[in-house]
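Next up, structure02.pdb (PDB, C-alpha atoms (C1' of nucleotides)):
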```pdb
ATOM      1  CA  MET A1214       2.654  15.329   9.546  1.00  0.00           C
ATOM      2  CA  LEU A1215       3.264  18.119   7.113  1.00  0.00           C
ATOM      3  CA  SER A1216       1.085  21.193   6.757  1.00  0.00           C
ATOM      4  CA  LYS A1217       0.166  22.376   3.309  1.00  0.00           C
ATOM      5  CA  GLN A1218       2.662  25.196   3.530  1.00  0.00           C
ATOM      6  CA  GLU A1219       5.390  22.808   4.513  1.00  0.00           C
ATOM      7  CA  LYS A1220       4.514  20.569   1.631  1.00  0.00           C
ATOM      8  CA  ASP A1221       4.612  23.483  -0.783  1.00  0.00           C
ATOM      9  CA  ALA A1222       7.933  24.640   0.593  1.00  0.00           C
ATOM     10  CA  LEU A1223       9.303  21.144   0.390  1.00  0.00           C
ATOM     11  CA  THR A1224       8.148  20.766  -3.183  1.00  0.00           C
ATOM     12  CA  GLN A1225       9.687  24.061  -4.190  1.00  0.00           C
ATOM     13  CA  ALA A1226      12.939  23.275  -2.424  1.00  0.00           C
ATOM     14  CA  VAL A1227      13.134  19.894  -4.078  1.00  0.00           C
ATOM     15  CA  TYR A1228      12.600  21.434  -7.511  1.00  0.00           C
ATOM     16  CA  ASP A1229      15.287  23.941  -6.743  1.00  0.00           C
ATOM     17  CA  ILE A1230      17.812  21.297  -5.795  1.00  0.00           C
ATOM     18  CA  VAL A1231      16.996  19.049  -8.715  1.00  0.00           C
ATOM     19  CA  SER A1232      17.325  21.925 -11.147  1.00  0.00           C
ATOM     20  CA  ARG A1233      20.858  22.451  -9.841  1.00  0.00           C
ATOM     21  CA  ILE A1234      22.085  18.936 -10.502  1.00  0.00           C
ATOM     22  CA  PRO A1235      24.885  19.396 -13.006  1.00  0.00           C
ATOM     23  CA  PHE A1236      25.018  17.713 -16.398  1.00  0.00           C
ATOM     24  CA  GLY A1237      26.386  14.221 -16.149  1.00  0.00           C
ATOM     25  CA  ARG A1238      25.921  13.932 -12.394  1.00  0.00           C
ATOM     26  CA  VAL A1239      23.254  12.221 -10.308  1.00  0.00           C
ATOM     27  CA  THR A1240      22.039  12.323  -6.736  1.00  0.00           C
ATOM     28  CA  SER A1241      19.636  10.374  -4.561  1.00  0.00           C
ATOM     29  CA  TYR A1242      16.171  10.951  -3.118  1.00  0.00           C
ATOM     30  CA  GLY A1243      17.603  10.730   0.348  1.00  0.00           C
ATOM     31  CA  ALA A1244      20.358  13.232  -0.325  1.00  0.00           C
ATOM     32  CA  ILE A1245      17.808  15.698  -1.621  1.00  0.00           C
ATOM     33  CA  ALA A1246      15.530  15.134   1.344  1.00  0.00           C
ATOM     34  CA  GLU A1247      18.455  15.801   3.609  1.00  0.00           C
ATOM     35  CA  ALA A1248      19.424  18.937   1.734  1.00  0.00           C
ATOM     36  CA  VAL A1249      15.948  20.419   2.057  1.00  0.00           C
ATOM     37  CA  GLY A1250      15.848  19.746   5.778  1.00  0.00           C
ATOM     38  CA  TYR A1251      13.807  16.550   5.966  1.00  0.00           C
ATOM     39  CA  PRO A1252      16.360  13.733   6.166  1.00  0.00           C
ATOM     40  CA  ASN A1253      13.722  11.026   6.532  1.00  0.00           C
ATOM     41  CA  LEU A1254      11.347  12.065   3.794  1.00  0.00           C
ATOM     42  CA  SER A1255      13.053  10.422   0.856  1.00  0.00           C
ATOM     43  CA  ARG A1256       9.758   8.829  -0.105  1.00  0.00           C
ATOM     44  CA  MET A1257       8.105  12.206  -0.404  1.00  0.00           C
ATOM     45  CA  VAL A1258      10.865  13.335  -2.715  1.00  0.00           C
ATOM     46  CA  GLY A1259      10.011  10.384  -4.894  1.00  0.00           C
ATOM     47  CA  GLN A1260       6.367  11.351  -4.939  1.00  0.00           C
ATOM     48  CA  ILE A1261       7.233  14.915  -5.829  1.00  0.00           C
ATOM     49  CA  MET A1262       9.340  13.752  -8.748  1.00  0.00           C
ATOM     50  CA  LYS A1263       6.549  11.553  -9.941  1.00  0.00           C
ATOM     51  CA  GLY A1264       4.079  14.382  -9.702  1.00  0.00           C
ATOM     52  CA  SER A1265       6.255  16.919 -11.465  1.00  0.00           C
ATOM     53  CA  GLY A1266       5.676  15.725 -14.973  1.00  0.00           C
ATOM     54  CA  ASN A1267       9.276  14.568 -15.347  1.00  0.00           C
ATOM     55  CA  TYR A1268      10.492  16.148 -18.511  1.00  0.00           C
ATOM     56  CA  GLU A1269      14.142  16.799 -18.932  1.00  0.00           C
ATOM     57  CA  GLU A1270      13.507  20.328 -20.128  1.00  0.00           C
ATOM     58  CA  LYS A1271      11.474  21.214 -17.106  1.00  0.00           C
ATOM     59  CA  LEU A1272      13.511  19.364 -14.544  1.00  0.00           C
ATOM     60  CA  PRO A1273      16.386  16.915 -14.880  1.00  0.00           C
ATOM     61  CA  CYS A1274      14.690  14.318 -12.746  1.00  0.00           C
ATOM     62  CA  HIS A1275      16.412  11.573 -14.691  1.00  0.00           C
ATOM     63  CA  ARG A1276      19.454  12.531 -12.621  1.00  0.00           C
ATOM     64  CA  VAL A1277      17.745  11.373  -9.440  1.00  0.00           C
ATOM     65  CA  VAL A1278      18.217   7.726  -8.487  1.00  0.00           C
ATOM     66  CA  ASN A1279      17.946   5.785  -5.255  1.00  0.00           C
ATOM     67  CA  SER A1280      20.764   5.420  -2.781  1.00  0.00           C
ATOM     68  CA  GLN A1281      21.995   2.234  -4.386  1.00  0.00           C
ATOM     69  CA  GLY A1282      22.245   3.830  -7.787  1.00  0.00           C
ATOM     70  CA  PHE A1283      19.238   2.063  -9.281  1.00  0.00           C
ATOM     71  CA  LEU A1284      17.003   3.877 -11.741  1.00  0.00           C
ATOM     72  CA  SER A1285      13.943   3.380  -9.575  1.00  0.00           C
ATOM     73  CA  GLY A1286      11.993   6.053 -11.421  1.00  0.00           C
ATOM     74  CA  LYS A1287      12.556   4.880 -14.941  1.00  0.00           C
ATOM     75  CA  GLU A1288       8.938   3.831 -15.398  1.00  0.00           C
ATOM     76  CA  GLY A1289       7.974   7.458 -15.192  1.00  0.00           C
ATOM     77  CA  PHE A1290       9.847   8.215 -18.394  1.00  0.00           C
ATOM     78  CA  GLY A1291       7.925   5.875 -20.598  1.00  0.00           C
ATOM     79  CA  HIS A1292       8.818   2.246 -20.877  1.00  0.00           C
ATOM     80  CA  SER A1293      11.503   2.552 -23.533  1.00  0.00           C
ATOM     81  CA  GLY A1294      14.568   2.962 -21.375  1.00  0.00           C
ATOM     82  CA  GLN A1295      14.269   6.691 -21.799  1.00  0.00           C
ATOM     83  CA  MET A1296      15.796   7.530 -18.441  1.00  0.00           C
ATOM     84  CA  GLN A1297      18.766   5.290 -19.098  1.00  0.00           C
ATOM     85  CA  LYS A1298      19.281   6.858 -22.507  1.00  0.00           C
ATOM     86  CA  LEU A1299      19.295  10.342 -21.083  1.00  0.00           C
ATOM     87  CA  LEU A1300      21.849   9.396 -18.470  1.00  0.00           C
ATOM     88  CA  GLU A1301      24.062   7.491 -20.840  1.00  0.00           C
ATOM     89  CA  ALA A1302      24.019  10.482 -23.127  1.00  0.00           C
ATOM     90  CA  GLU A1303      25.549  12.386 -20.229  1.00  0.00           C
ATOM     91  CA  GLY A1304      28.291   9.842 -19.718  1.00  0.00           C
ATOM     92  CA  VAL A1305      26.725   7.821 -16.905  1.00  0.00           C
ATOM     93  CA  ASN A1306      27.443   4.103 -17.177  1.00  0.00           C
ATOM     94  CA  ILE A1307      24.455   1.896 -16.472  1.00  0.00           C
ATOM     95  CA  LYS A1308      24.034  -1.850 -16.302  1.00  0.00           C
ATOM     96  CA  ASP A1309      20.885  -3.695 -15.273  1.00  0.00           C
ATOM     97  CA  ASP A1310      19.211  -0.417 -14.320  1.00  0.00           C
ATOM     98  CA  LYS A1311      22.065   0.391 -11.989  1.00  0.00           C
ATOM     99  CA  ILE A1312      24.698   3.079 -12.233  1.00  0.00           C
ATOM    100  CA  ILE A1313      28.151   1.565 -12.361  1.00  0.00           C
ATOM    101  CA  ASN A1314      30.313   4.638 -11.902  1.00  0.00           C
ATOM    102  CA  ARG A1315      28.118   5.933  -9.132  1.00  0.00           C
ATOM    103  CA  LYS A1316      31.031   7.226  -7.110  1.00  0.00           C
ATOM    104  CA  GLU A1317      32.298   9.402  -9.906  1.00  0.00           C
ATOM    105  CA  VAL A1318      28.991  10.907 -10.925  1.00  0.00           C
ATOM    106  CA  PHE A1319      27.284  11.245  -7.571  1.00  0.00           C
ATOM    107  CA  TRP A1320      26.483  14.824  -6.637  1.00  0.00           C
ATOM    108  CA  TYR A1321      26.098  15.866  -3.011  1.00  0.00           C
ATOM    109  CA  PRO A1322      23.492  18.668  -2.819  1.00  0.00           C
ATOM    110  CA  MET A1323      24.486  20.150   0.508  1.00  0.00           C
ATOM    111  CA  LYS A1324      28.151  20.249  -0.268  1.00  0.00           C
ATOM    112  CA  GLU A1325      27.732  21.744  -3.708  1.00  0.00           C
ATOM    113  CA  ILE A1326      25.185  24.289  -2.621  1.00  0.00           C
ATOM    114  CA  PHE A1327      27.458  25.353   0.159  1.00  0.00           C
ATOM    115  CA  ILE A1328      30.177  25.923  -2.397  1.00  0.00           C
ATOM    116  CA  ASP A1329      27.750  27.911  -4.525  1.00  0.00           C
ATOM    117  CA  GLU A1330      26.904  30.186  -1.648  1.00  0.00           C
ATOM    118  CA  ARG A1331      30.544  30.826  -0.959  1.00  0.00           C
ATOM    119  CA  ASN A1332      31.371  31.537  -4.568  1.00  0.00           C
ATOM    120  CA  ILE A1333      28.409  33.726  -5.374  1.00  0.00           C
TER     121      ILE A1333
ATOM    122  C1'  DC L 590     -11.846   4.532   8.106  1.00  0.00           C
ATOM    123  C1'  DC L 591      -8.061   1.304   7.547  1.00  0.00           C
ATOM    124  C1'  DG L 592      -4.778  -1.483   5.322  1.00  0.00           C
ATOM    125  C1'  DA L 593      -1.731  -1.750   1.314  1.00  0.00           C
ATOM    126  C1'  DT L 594       1.467   0.410  -1.564  1.00  0.00           C
ATOM    127  C1'  DG L 595       5.298   3.178  -3.218  1.00  0.00           C
ATOM    128  C1'  DA L 596      10.434   6.983  -8.156  1.00  0.00           C
ATOM    129  C1'  DC L 597      13.267   5.563  -0.251  1.00  0.00           C
ATOM    130  C1'  DA L 598      16.826   4.414   3.140  1.00  0.00           C
ATOM    131  C1'  DA L 599      19.374   2.688   7.173  1.00  0.00           C
ATOM    132  C1'  DG L 600      20.152  -1.021  10.360  1.00  0.00           C
ATOM    133  C1'  DC L 601      20.912  -5.735  11.350  1.00  0.00           C
ATOM    134  C1'  DA L 602      21.585 -10.723  10.993  1.00  0.00           C
TER     135       DA L 602
ATOM    136  C1'  DA Q 744      27.585  -9.028  -0.098  1.00  0.00           C
ATOM    137  C1'  DT Q 745      22.438 -10.471   0.456  1.00  0.00           C
ATOM    138  C1'  DG Q 746      18.087 -10.421   2.280  1.00  0.00           C
ATOM    139  C1'  DC Q 747      14.758  -8.956   5.818  1.00  0.00           C
ATOM    140  C1'  DT Q 748      12.805  -5.449   9.017  1.00  0.00           C
ATOM    141  C1'  DT Q 749      11.602  -1.079  10.493  1.00  0.00           C
ATOM    142  C1'  DG Q 750      10.757   3.974  10.003  1.00  0.00           C
ATOM    143  C1'  DC Q 751       8.324   7.610   7.032  1.00  0.00           C
ATOM    144  C1'  DC Q 752       4.255   9.875   5.096  1.00  0.00           C
ATOM    145  C1'  DA Q 753       1.056  10.704   1.217  1.00  0.00           C
ATOM    146  C1'  DT Q 754      -2.215   8.229  -1.809  1.00  0.00           C
ATOM    147  C1'  DC Q 755      -5.320   4.788  -3.119  1.00  0.00           C
ATOM    148  C1'  DG Q 756      -8.994   1.152  -2.889  1.00  0.00           C
TER     149       DG Q 756
END
```

Could the structure of this file be written out as structure tokens, please?
Amino acid sequence: MLSKQEKDALTQAVYDIVSRIPFGRVTSYGAIAEAVGYPNLSRMVGQIMKGSGNYEEKLPCHRVVNSQGFLSGKEGFGHSGQMQKLLEAEGVNIKDDKIINRKEVFWYPMKEIFIDERNI
DNA sequence: CCGATGACAAGCA
DNA sequence: ATGCTTGCCATCG
């Protein structure tokens, strides 16, 4: 069970990670959950995304997909393939709601943030 | 209050 | 690879 403070911290941490996802890259709910210290709370990450008003300008949540590379959150972007459009505009190849070049565009939060901390 | 559900994921057959 | 089962935890009816 998570206290309110923990939930707030989690939410903030998730926003922070998501805002760091580079252009043209994607990551997964699980990877984010892991990066914020709750490896088994991938579902909560999904809920947080849903709740955060998903607008590209606010947060690039279109760059968050599930571990298989499916655009599981596309319904949250309006039903006109908006999420897919945004990703394709960044060079991500998608077919049947699934990212084809997942390996090339996948972004590993922990790894990249570690690099950031070393470089800063 | 309790069961069902969900923008998830890993394990197993 | 494919499909099913089990963990997770907040929300909803």

*asked:* Assuming the chain letters and numbering stay as they are in my file, what does the PyMOL selection byres ((chain A and resi 1323) around 9) actually select? List them as JSON, numbers by chain.
replied: {"A": [1244, 1245, 1247, 1248, 1249, 1321, 1322, 1324, 1325, 1326, 1327, 1328]}

_Distance cut-off 9 Å, counting all atoms listed in the file - which residues of chain A neighbour chain Q? Return them as a ChimeraX atom specification._
/A:1214-1215,1253-1257,1260

*Pull out every residue of chain A that has at least one atom within 10 Å of chain L, counting only C-alpha atoms (C1' of nucleotides), and report them as a ChimeraX atom specification.*
/A:1241-1243,1246,1252-1264,1274-1275,1277-1281,1284-1289

*Quick one: distance from CA of Gln1295 in chain A to CA of Trp1320 in chain A in Å, one decimal?*
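CA of Trp1320 in chain A lies 21.1 Å from CA of Gln1295 in chain A.
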
Picked residues, the PyMOL selection byres ((chain A and resi 1232) around 10), expected as an mmCIF file with C-alpha atoms, in the frame of the given file:
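Below is the file that was written, part.cif:
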```cif
data_model
loop_
_atom_site.group_PDB
_atom_site.id
_atom_site.type_symbol
_atom_site.label_atom_id
_atom_site.label_comp_id
_atom_site.auth_asym_id
_atom_site.auth_seq_id
_atom_site.Cartn_x
_atom_site.Cartn_y
_atom_site.Cartn_z
ATOM 1 C CA ALA A 1226 12.939 23.275 -2.424
ATOM 2 C CA VAL A 1227 13.134 19.894 -4.078
ATOM 3 C CA TYR A 1228 12.600 21.434 -7.511
ATOM 4 C CA ASP A 1229 15.287 23.941 -6.743
ATOM 5 C CA ILE A 1230 17.812 21.297 -5.795
ATOM 6 C CA VAL A 1231 16.996 19.049 -8.715
ATOM 7 C CA ARG A 1233 20.858 22.451 -9.841
ATOM 8 C CA ILE A 1234 22.085 18.936 -10.502
ATOM 9 C CA PRO A 1235 24.885 19.396 -13.006
ATOM 10 C CA GLU A 1269 14.142 16.799 -18.932
ATOM 11 C CA GLU A 1270 13.507 20.328 -20.128
ATOM 12 C CA LYS A 1271 11.474 21.214 -17.106
ATOM 13 C CA LEU A 1272 13.511 19.364 -14.544
ATOM 14 C CA PRO A 1273 16.386 16.915 -14.880
ATOM 15 C CA CYS A 1274 14.690 14.318 -12.746
ATOM 16 C CA ARG A 1276 19.454 12.531 -12.621
#
```

Mind giving me the axis-aligned box for range 1223-1235 of chain A with 4 Å on every side, centre plus edges in Å to one decimal, as JSON?
```
{"center_x": 16.5, "center_y": 21.5, "center_z": -6.3, "size_x": 24.7, "size_y": 13.1, "size_z": 21.4}
```
